[in-house]
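The structure file my_file_0.tsv is reproduced below (TSV, C-alpha atoms and all ligand atoms).
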chain	number	residue	atom	x	y	z
A	279	MET	CA	23.86	14.18	10.13
A	280	GLU	CA	21.54	16.91	8.95
A	281	THR	CA	20.58	19.55	11.43
A	282	PRO	CA	16.87	20.04	11.94
A	283	ASP	CA	15.42	23.27	10.64
A	284	ALA	CA	15.24	25.59	13.64
A	285	SER	CA	11.87	27.03	12.58
A	286	THR	CA	9.97	23.80	13.07
A	287	PRO	CA	10.23	20.94	15.52
A	288	PHE	CA	10.69	18.58	12.59
A	289	PRO	CA	13.59	17.96	10.23
A	290	SER	CA	12.64	19.73	7.02
A	291	GLY	CA	15.48	19.14	4.62
A	292	ALA	CA	13.04	17.91	1.98
A	293	PRO	CA	11.24	20.63	0.08
A	294	ASP	CA	7.63	21.14	1.13
A	295	ALA	CA	8.02	19.10	4.30
A	296	HIS	CA	6.55	21.95	6.32
A	297	ASP	CA	3.61	22.34	3.90
A	298	ALA	CA	2.99	18.62	4.16
A	299	LEU	CA	2.86	18.79	7.94
A	300	VAL	CA	0.38	21.66	7.71
A	301	ALA	CA	-1.74	19.65	5.25
A	302	LEU	CA	-1.64	16.69	7.63
A	303	GLU	CA	-2.71	18.89	10.54
A	304	LYS	CA	-5.62	20.33	8.54
A	305	ALA	CA	-6.77	16.88	7.44
A	306	LEU	CA	-6.71	15.82	11.08
A	307	ASP	CA	-8.79	18.84	12.06
A	308	ARG	CA	-11.36	17.94	9.40
A	309	HIS	CA	-11.61	14.29	10.32
A	310	ARG	CA	-10.89	14.12	14.03
A	311	ALA	CA	-13.26	11.56	15.48
A	312	PRO	CA	-13.51	9.32	18.51
A	313	PRO	CA	-11.20	6.30	18.34
A	314	ILE	CA	-12.80	3.40	16.54
A	315	ALA	CA	-10.59	0.51	17.69
A	316	GLU	CA	-12.69	-0.53	20.67
A	317	LEU	CA	-15.91	-0.41	18.70
A	318	LEU	CA	-14.45	-2.63	15.97
A	319	ALA	CA	-12.92	-5.03	18.50
A	320	ARG	CA	-16.33	-5.43	20.17
A	321	ARG	CA	-17.79	-6.35	16.79
A	322	GLY	CA	-15.11	-9.01	16.34
A	323	LEU	CA	-13.36	-7.09	13.55
A	324	GLY	CA	-10.16	-6.40	15.49
A	325	PRO	CA	-8.85	-3.16	17.04
A	326	TYR	CA	-8.15	-1.18	13.83
A	327	ARG	CA	-7.60	2.56	14.01
A	328	GLY	CA	-9.69	4.81	11.78
A	329	TYR	CA	-8.53	7.36	9.22
A	330	ALA	CA	-7.78	9.99	11.88
A	331	GLY	CA	-5.74	7.40	13.78
A	332	MET	CA	-3.74	6.69	10.62
A	333	LEU	CA	-3.00	10.42	10.23
A	334	GLU	CA	-2.02	10.65	13.90
A	335	ALA	CA	0.38	7.76	13.42
A	336	MET	CA	1.97	9.62	10.49
A	337	GLN	CA	2.27	12.72	12.63
A	338	ARG	CA	4.04	10.73	15.36
A	339	LEU	CA	6.42	9.24	12.78
A	340	ALA	CA	7.21	12.76	11.52
A	341	ALA	CA	7.95	13.87	15.08
A	342	ALA	CA	10.33	10.90	15.38
A	343	GLY	CA	12.25	11.88	12.24
A	344	ALA	CA	10.33	10.68	9.17
A	345	VAL	CA	10.14	13.30	6.44
A	346	ILE	CA	6.60	13.92	5.26
A	347	GLU	CA	6.33	14.56	1.54
A	348	PRO	CA	3.21	15.87	-0.18
A	349	LEU	CA	2.54	13.97	-3.40
A	350	GLY	CA	-0.74	15.59	-4.36
A	351	HIS	CA	-4.44	15.31	-3.57
A	352	SER	CA	-7.28	12.86	-3.89
A	353	VAL	CA	-10.44	13.55	-5.93
A	354	ARG	CA	-12.02	15.14	-2.83
A	355	GLY	CA	-8.91	17.15	-1.89
A	356	GLU	CA	-7.46	14.91	0.81
A	357	PRO	CA	-3.67	15.16	0.97
A	358	LEU	CA	-1.74	12.26	-0.49
A	359	LEU	CA	1.29	11.91	1.78
A	360	ALA	CA	4.49	9.90	1.75
A	361	LEU	CA	6.81	9.20	4.67
A	362	GLY	CA	10.48	9.45	3.76
A	363	PHE	CA	13.27	7.54	5.52
A	364	GLY	CA	17.01	7.14	5.20
A	365	ALA	CA	18.60	9.21	2.47
A	366	ALA	CA	15.26	10.90	1.63
A	367	ARG	CA	16.70	14.28	2.51
A	368	ARG	CA	19.53	13.87	0.05
A	369	GLY	CA	16.93	14.12	-2.64
A	370	ARG	CA	16.34	12.46	-5.91
A	371	PHE	CA	19.63	10.71	-6.57
A	372	ALA	CA	19.39	8.11	-3.85
A	373	ARG	CA	18.27	4.61	-4.78
A	374	THR	CA	14.71	4.45	-3.63
A	375	SER	CA	12.36	1.78	-2.33
A	376	VAL	CA	8.68	2.59	-2.56
A	377	VAL	CA	5.97	1.04	-0.40
A	378	VAL	CA	2.31	1.67	-1.23
A	379	SER	CA	-0.77	0.58	0.69
A	380	GLY	CA	-4.45	1.43	0.85
A	381	LEU	CA	-5.00	1.62	-2.92
A	382	HIS	CA	-7.99	-0.62	-2.18
A	383	PRO	CA	-9.74	1.11	0.68
A	384	LEU	CA	-11.03	-1.94	2.57
A	385	GLU	CA	-7.55	-3.43	2.92
A	386	TRP	CA	-6.59	-1.86	6.22
A	387	ILE	CA	-4.16	-4.62	7.19
A	388	GLY	CA	-1.90	-3.30	4.39
A	389	ILE	CA	-2.03	0.19	5.88
A	390	GLU	CA	-1.22	-1.22	9.32
A	391	THR	CA	1.73	-3.09	7.80
A	392	SER	CA	3.02	0.10	6.18
A	393	LEU	CA	2.81	1.95	9.49
A	394	ALA	CA	4.50	-0.94	11.34
A	395	LEU	CA	7.30	-0.94	8.76
A	396	ALA	CA	7.63	2.85	9.06
A	397	GLY	CA	8.01	2.44	12.81
A	398	ARG	CA	10.88	0.02	12.25
A	399	LEU	CA	12.67	2.31	9.81
A	400	VAL	CA	12.38	5.66	11.55
A	401	GLY	CA	15.69	6.90	12.88
A	402	ARG	CA	17.67	4.11	11.20
A	403	ASP	CA	20.73	4.59	9.05
A	404	LEU	CA	19.77	3.17	5.66
A	405	GLY	CA	23.07	4.00	3.99
A	406	ASP	CA	22.59	5.57	0.58
A	407	ARG	CA	19.04	4.26	0.27
A	408	SER	CA	15.88	6.23	0.54
A	409	VAL	CA	12.57	4.59	1.47
A	410	LEU	CA	9.26	6.24	0.64
A	411	ILE	CA	6.11	4.83	2.21
A	412	VAL	CA	2.64	5.91	1.07
A	413	PRO	CA	0.41	4.40	3.76
A	414	VAL	CA	-2.96	5.67	2.49
A	415	ALA	CA	-2.93	5.83	-1.31
A	416	ASN	CA	-6.72	6.16	-1.59
A	417	PRO	CA	-7.78	8.52	1.22
A	418	ASP	CA	-11.32	9.16	-0.09
A	419	GLY	CA	-12.01	5.43	-0.21
A	420	VAL	CA	-10.54	4.84	3.25
A	421	LEU	CA	-12.69	7.67	4.64
A	422	ARG	CA	-15.75	6.05	3.12
A	423	VAL	CA	-14.90	2.74	4.80
A	424	ASP	CA	-14.27	4.62	8.06
A	425	ARG	CA	-17.77	6.17	7.88
A	426	ASN	CA	-19.37	2.84	7.01
A	427	LEU	CA	-17.70	1.19	10.00
A	428	ARG	CA	-18.77	3.94	12.39
A	429	GLU	CA	-22.35	3.76	11.15
A	430	GLY	CA	-22.51	-0.03	11.15
A	431	ARG	CA	-22.89	-0.39	7.36
A	432	ARG	CA	-21.38	-3.52	5.85
A	433	ARG	CA	-20.29	-2.38	2.42
A	434	PHE	CA	-17.80	-3.52	-0.15
A	435	VAL	CA	-15.66	-0.51	-1.20
A	436	ARG	CA	-12.95	-0.84	-3.84
A	437	HIS	CA	-12.84	2.47	-5.74
A	438	ASN	CA	-11.80	6.08	-5.38
A	439	ALA	CA	-14.39	8.90	-5.38
A	440	HIS	CA	-14.70	8.64	-9.19
A	441	GLY	CA	-15.64	4.97	-8.95
A	442	VAL	CA	-12.29	3.82	-10.37
A	443	ASP	CA	-10.22	0.87	-9.18
A	444	LEU	CA	-6.90	2.68	-8.68
A	445	ASN	CA	-5.01	-0.54	-9.17
A	446	ARG	CA	-6.20	-0.73	-12.77
A	447	ASN	CA	-5.30	2.90	-13.54
A	448	PHE	CA	-1.49	2.71	-13.76
A	449	ASP	CA	0.23	3.17	-17.11
A	450	ALA	CA	1.24	-0.46	-17.64
A	451	ARG	CA	-0.84	-2.16	-20.33
A	452	TRP	CA	-3.65	0.12	-19.18
A	453	GLY	CA	-7.00	-0.87	-20.62
A	454	HIS	CA	-6.03	-4.50	-21.10
A	455	ARG	CA	-9.06	-6.39	-19.86
A	456	GLY	CA	-8.65	-10.01	-18.90
A	457	LEU	CA	-11.39	-12.44	-18.05
A	458	LEU	CA	-12.19	-11.00	-14.60
A	459	ALA	CA	-12.51	-7.44	-15.91
A	460	ARG	CA	-14.89	-8.71	-18.58
A	461	LEU	CA	-16.99	-10.69	-16.11
A	462	VAL	CA	-17.37	-7.93	-13.52
A	463	PRO	CA	-16.44	-4.67	-15.29
A	464	SER	CA	-17.99	-2.48	-12.57
A	465	VAL	CA	-15.58	-3.86	-9.96
A	466	PHE	CA	-12.41	-3.34	-11.99
A	467	ARG	CA	-13.20	0.02	-13.61
A	468	ALA	CA	-9.89	1.31	-14.96
A	469	GLY	CA	-10.69	5.01	-15.50
A	470	THR	CA	-10.91	7.03	-18.72
A	471	ARG	CA	-7.21	6.72	-19.53
A	472	ALA	CA	-3.97	5.66	-17.83
A	473	GLU	CA	-3.32	7.88	-14.78
A	474	SER	CA	-6.69	9.60	-15.18
A	475	GLU	CA	-7.07	9.51	-11.39
A	476	PRO	CA	-5.35	12.20	-9.30
A	477	GLU	CA	-4.13	9.66	-6.74
A	478	VAL	CA	-2.31	7.62	-9.40
A	479	SER	CA	-1.03	10.56	-11.45
A	480	ALA	CA	0.37	12.22	-8.29
A	481	LEU	CA	2.24	9.07	-7.37
A	482	ALA	CA	3.55	8.57	-10.92
A	483	PHE	CA	4.66	12.20	-11.17
A	484	ALA	CA	6.37	12.25	-7.77
A	485	LEU	CA	8.31	9.09	-8.57
A	486	GLY	CA	9.08	10.02	-12.17
A	487	SER	CA	12.42	11.60	-11.36
A	488	ARG	CA	13.51	9.10	-8.75
A	489	ARG	CA	15.69	6.02	-8.98
A	490	VAL	CA	13.10	3.52	-7.84
A	491	ASP	CA	14.69	0.07	-7.81
A	492	ARG	CA	12.47	-1.71	-5.25
A	493	ALA	CA	8.72	-1.52	-4.96
A	494	LEU	CA	6.26	-3.17	-2.64
A	495	SER	CA	2.51	-2.86	-2.73
A	496	LEU	CA	0.46	-4.11	0.19
A	497	HIS	CA	-2.99	-5.58	-0.37
A	498	SER	CA	-5.11	-8.27	1.24
A	499	PHE	CA	-6.15	-11.03	1.69
A	500	GLY	CA	-4.83	-13.85	-0.46
A	501	GLY	CA	-1.85	-14.92	1.71
A	502	ALA	CA	0.43	-14.59	-1.31
A	503	VAL	CA	3.44	-12.75	-2.68
A	504	LEU	CA	3.01	-11.77	-6.32
A	505	TYR	CA	5.63	-10.76	-8.85
A	506	PRO	CA	5.33	-9.37	-12.41
A	507	SER	CA	3.82	-9.75	-14.86
A	508	SER	CA	0.08	-9.44	-14.33
A	509	HIS	CA	-0.85	-8.57	-17.89
A	510	GLN	CA	0.79	-11.53	-19.62
A	511	LEU	CA	1.17	-15.21	-18.82
A	512	ARG	CA	4.81	-15.35	-19.83
A	513	ALA	CA	7.34	-14.89	-17.00
A	514	PRO	CA	9.60	-11.81	-17.25
A	515	ALA	CA	13.34	-12.19	-17.81
A	516	ASP	CA	14.09	-11.34	-14.18
A	517	ALA	CA	11.44	-13.68	-12.73
A	518	GLU	CA	14.02	-15.71	-10.79
A	519	GLU	CA	15.37	-12.68	-8.92
A	520	HIS	CA	11.79	-11.77	-8.00
A	521	ARG	CA	11.01	-15.31	-6.90
A	522	VAL	CA	13.98	-15.44	-4.52
A	523	TRP	CA	12.73	-12.37	-2.67
A	524	ALA	CA	9.10	-13.43	-2.87
A	525	GLN	CA	9.92	-16.83	-1.34
A	526	ARG	CA	11.88	-15.25	1.48
A	527	ILE	CA	9.02	-12.91	2.34
A	528	ALA	CA	6.46	-15.71	1.94
A	529	ALA	CA	8.35	-17.91	4.41
A	530	LEU	CA	8.66	-15.18	7.04
A	531	ALA	CA	5.17	-13.67	6.74
A	532	ASP	CA	3.32	-16.43	8.56
A	533	ASP	CA	3.82	-19.82	10.25
A	534	ARG	CA	2.22	-21.36	7.18
A	535	PRO	CA	4.18	-19.77	4.31
A	536	TYR	CA	2.35	-17.61	1.80
A	537	ARG	CA	1.98	-18.69	-1.80
A	538	VAL	CA	4.47	-17.29	-4.34
A	539	VAL	CA	2.95	-16.70	-7.75
A	540	GLN	CA	3.25	-14.54	-10.83
A	541	GLY	CA	0.47	-11.92	-10.90
A	542	SER	CA	-1.29	-13.30	-13.94
A	543	TRP	CA	-1.51	-16.76	-12.36
A	544	PHE	CA	-2.86	-15.50	-9.03
A	545	ALA	CA	-6.37	-15.54	-10.47
A	546	LEU	CA	-5.91	-18.75	-12.44
A	547	GLY	CA	-4.52	-17.21	-15.57
A	548	ALA	CA	-6.77	-14.14	-15.68
A	549	THR	CA	-4.48	-11.38	-16.98
A	550	MET	CA	-4.92	-7.80	-15.71
A	551	GLY	CA	-3.80	-4.42	-17.05
A	552	GLY	CA	-2.97	-1.17	-15.24
A	553	LEU	CA	-1.46	-2.64	-12.07
A	554	GLU	CA	1.12	-0.91	-9.91
A	555	LEU	CA	3.02	-4.23	-9.75
A	556	ASP	CA	3.76	-4.05	-13.49
A	557	TRP	CA	4.16	-0.27	-13.60
A	558	PHE	CA	7.02	-0.28	-11.08
A	559	HIS	CA	8.66	-3.16	-12.91
A	560	GLU	CA	8.29	-1.86	-16.45
A	561	ARG	CA	8.53	1.92	-15.95
A	562	HIS	CA	11.25	1.94	-13.31
A	563	GLY	CA	12.93	-1.41	-13.87
A	564	ALA	CA	12.34	-2.05	-10.18
A	565	LEU	CA	12.15	-5.37	-8.42
A	566	SER	CA	8.43	-5.22	-7.76
A	567	LEU	CA	6.37	-7.32	-5.35
A	568	LEU	CA	2.78	-7.30	-4.21
A	569	VAL	CA	1.94	-8.88	-0.88
A	570	GLU	CA	-1.60	-10.11	-0.27
A	571	CYS	CA	-1.39	-9.65	3.50
A	572	SER	CA	-2.96	-12.33	5.70
A	573	ARG	CA	-5.63	-14.81	4.74
A	574	GLY	CA	-8.43	-12.51	5.71
A	575	GLY	CA	-10.64	-13.08	8.68
A	576	PHE	CA	-13.74	-15.02	7.73
A	577	GLY	CA	-13.37	-17.15	10.85
A	578	LEU	CA	-16.28	-19.09	12.23
A	579	ARG	CA	-18.40	-16.22	13.47
A	580	PRO	CA	-21.34	-15.67	11.12
A	581	SER	CA	-21.11	-11.91	11.73
A	582	ARG	CA	-17.65	-11.92	10.18
A	583	ALA	CA	-18.72	-13.89	7.12
A	584	LEU	CA	-21.26	-11.19	6.27
A	585	ASP	CA	-18.94	-8.24	6.77
A	586	PRO	CA	-16.64	-7.25	3.84
A	587	PHE	CA	-14.25	-5.56	6.27
A	588	ALA	CA	-13.70	-8.95	7.93
A	589	TRP	CA	-13.02	-10.65	4.59
A	590	PHE	CA	-10.03	-8.41	3.98
A	591	ASN	CA	-8.68	-7.90	7.48
A	592	PRO	CA	-7.65	-10.40	10.15
A	593	PRO	CA	-8.88	-9.66	13.70
A	594	THR	CA	-5.26	-9.31	14.89
A	595	PRO	CA	-3.96	-6.15	13.16
A	596	HIS	CA	-0.99	-5.57	15.43
A	597	ALA	CA	0.47	-9.09	15.39
A	598	THR	CA	-0.17	-9.63	11.68
A	599	ALA	CA	1.19	-6.23	10.59
A	600	THR	CA	4.31	-6.59	12.77
A	601	ARG	CA	5.06	-10.02	11.36
A	602	ILE	CA	4.68	-8.96	7.71
A	603	ALA	CA	6.63	-5.73	8.30
A	604	ARG	CA	9.54	-7.83	9.59
A	605	ALA	CA	9.22	-10.17	6.62
A	606	VAL	CA	9.50	-7.38	4.03
A	607	GLU	CA	12.08	-5.23	5.80
A	608	GLY	CA	15.16	-6.76	4.15
A	609	PHE	CA	13.69	-6.32	0.69
A	610	VAL	CA	12.65	-2.73	1.34
A	611	THR	CA	15.96	-1.68	2.89
A	612	GLY	CA	17.91	-2.94	-0.12
A	613	GLY	CA	19.27	-6.25	1.14
A	614	VAL	CA	21.08	-8.30	-1.47
A	615	THR	CA	20.44	-11.77	-2.79
A	616	VAL	CA	23.23	-14.23	-3.44
A	617	THR	CA	23.17	-16.26	-6.66
A	618	GLY	CA	19.59	-17.27	-6.56
A	619	ARG	CA	19.47	-18.03	-2.84
A	620	ALA	CA	17.59	-16.13	-0.19
A	621	PRO	CA	19.95	-13.85	1.74
B	1	ZN	ZN	-6.14	-4.95	-3.13

Write out the structure in this file as structure tokens.
Ligand SMILES: [Zn+2]
Amino acid sequence: METPDASTPFPSGAPDAHDALVALEKALDRHRAPPIAELLARRGLGPYRGYAGMLEAMQRLAAAGAVIEPLGHSVRGEPLLALGFGAARRGRFARTSVVVSGLHPLEWIGIETSLALAGRLVGRDLGDRSVLIVPVANPDGVLRVDRNLREGRRRFVRHNAHGVDLNRNFDARWGHRGLLARLVPSVFRAGTRAESEPEVSALAFALGSRRVDRALSLHSFGGAVLYPSSHQLRAPADAEEHRVWAQRIAALADDRPYRVVQGSWFALGATMGGLELDWFHERHGALSLLVECSRGGFGLRPSRALDPFAWFNPPTPHATATRIARAVEGFVTGGVTVTGRAP
């Protein structure tokens, strides 16, 4: 057991933990706003919390024992924060699982799933494993969605403040443009070079010296679990090990199991470059999965069909996030598979 630093109410064994808490506090001061959940529920979008609510949740997790780590800043200077669990305080030698959500700013169900998972991990003994969760990987984009929701604007938002799709900016076959990127280049803008965006370069730098052997990225809304590779049609050598985990998660995530598919086949054979899914797999040698959380929330109400927020987010954030968090927990905490069978 580590003893908490006496100078703060939080454990601060990790370097910069105090600075990160200060950065979190300042961000909250800048963006404090009335709760948004009731407003969204009235509109049929479901009781989602806004950006300030996400920061408050991170603050509560820190008070309960999560270690907040500063990774860097967004284009507009918002702090990019990770929550550390388990052996995080023992530093860089622990085997590490990384969970990322909110790269695409409309996909709030992924952020809710991250926070639900964090709630399940806080205070737990994870053995020699460290888990790092980055709930809001694109804070500028999420803030833009937050403002749109408050002001009743129905907008599709996919980029960071530079207009870049952060999930095309990772250094894994960056710049490879498949069919989709050629058809709608403005949607999948990859940036000026690999890791040109501060959000992606901060994440890559922070993880560069860690032993990342499991990675999970949370998106929405395809009801699917994806595994590498996205940039080529051929399956990687360790496809079977990925599939075992993907199938387990797919079966637990919903009553009707999710689809399990290699990234490049998710969009009918349209290959994609610069994805986090491939970067974790190729750069770190990690088992890397991408969950398309839920099947969205088109529903039957016409108001939902016209609202991009509803496309990406089911109207039941709590139940959906809790269920997916439980489904991915074994993978994230380093559970083992047995000769090709789900554990
Ligand atoms: Zn996405």

Residues of segment 454-507 of chain A that have any atom at most 12 Å from an atom of segment 560-577 of chain A: could you tabulate them with the shortest-distance atom pair and the distance in Å to one decimal, using all atoms listed in the file, ordered by chain and increasing number, as a tab-separated table?
residue	atom	partner	partner_atom	distance
A:Ala482	CA	A:Arg561	CA	9.7
A:Phe483	CA	A:Arg561	CA	12.0
A:Leu485	CA	A:His562	CA	9.1
A:Gly486	CA	A:His562	CA	8.4
A:Ser487	CA	A:His562	CA	9.9
A:Arg488	CA	A:His562	CA	8.8
A:Arg489	CA	A:His562	CA	7.4
A:Val490	CA	A:His562	CA	6.0
A:Asp491	CA	A:Ala564	CA	4.0
A:Arg492	CA	A:Leu565	CA	4.9
A:Ala493	CA	A:Ser566	CA	4.6
A:Leu494	CA	A:Leu567	CA	5.0
A:Ser495	CA	A:Leu568	CA	4.7
A:Leu496	CA	A:Val569	CA	5.1
A:His497	CA	A:Glu570	CA	4.7
A:Ser498	CA	A:Glu570	CA	4.2
A:Phe499	CA	A:Gly574	CA	4.9
A:Gly500	CA	A:Glu570	CA	4.9
A:Gly501	CA	A:Arg573	CA	4.8
A:Ala502	CA	A:Glu570	CA	5.0
A:Val503	CA	A:Val569	CA	4.5
A:Leu504	CA	A:Leu568	CA	4.9
A:Tyr505	CA	A:Leu567	CA	5.0
A:Pro506	CA	A:Ser566	CA	7.0
A:Ser507	CA	A:Glu560	CA	9.2

Mind giving me the straight-line distance from atom CA of Ala529 of chain A to atom CA of Thr600 of chain A in Å, one decimal?
14.6 Å

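Distances here use all atoms listed in the file; by that measure, the residue among A:Val539, A:Leu457, A:Leu381, A:Ala341 closest to ligand ZN 1 (chain B) is A:Leu381.
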
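The shortest atom-to-atom distance to ligand ZN 1 (chain B), with all atoms listed in the file taken into account, belongs to A:Trp386 out of A:Trp386, A:Tyr536, A:Phe448, A:Tyr329.
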
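Here atom CA of Pro476 of chain A is placed at a distance of 16.3 Å from atom CA of Pro413 of chain A.
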
Residues within 12 Å of Leu358 of chain A, all atoms listed in the file, excluding chain neighbours under 4 positions, as an MDAnalysis selection string
chainID A and resid 298:299 301:302 305 333 336 346:354 378:381 411:418 476:481 484

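Shell of Gln510 of chain A at 7 Å, with all atoms listed in the file counted and residues fewer than 2 places along the chain excluded, is Ser507, Ser508, Arg512, Ser542 and Thr549 of chain A.
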
Keeping C-alpha atoms, export the residues of the selection given above as a tab-separated table (two decimals), keeping the file's coordinate frame.
chain	number	residue	atom	x	y	z
A	507	SER	CA	3.82	-9.75	-14.86
A	508	SER	CA	0.08	-9.44	-14.33
A	512	ARG	CA	4.81	-15.35	-19.83
A	542	SER	CA	-1.29	-13.30	-13.94
A	549	THR	CA	-4.48	-11.38	-16.98

Shell around Glu316 of chain A at 9 Å using all atoms listed in the file, local window under 6 positions removed, as a list of chain:residue names
A:Gly324, A:Pro325, A:Tyr326, A:Arg327

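Taking all atoms listed in the file into account, ligand ZN 1 (chain B) lies nearest to A:Gly388 out of the set A:Gly419, A:Gly388, A:Gly453, A:Pro586.
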
Would you mind listing what lies within 7 Å of Leu530 of chain A as an MDAnalysis selection string, with all atoms listed in the file counted and same-chain residues fewer than 4 positions away left out?
chainID A and resid 526 535 605
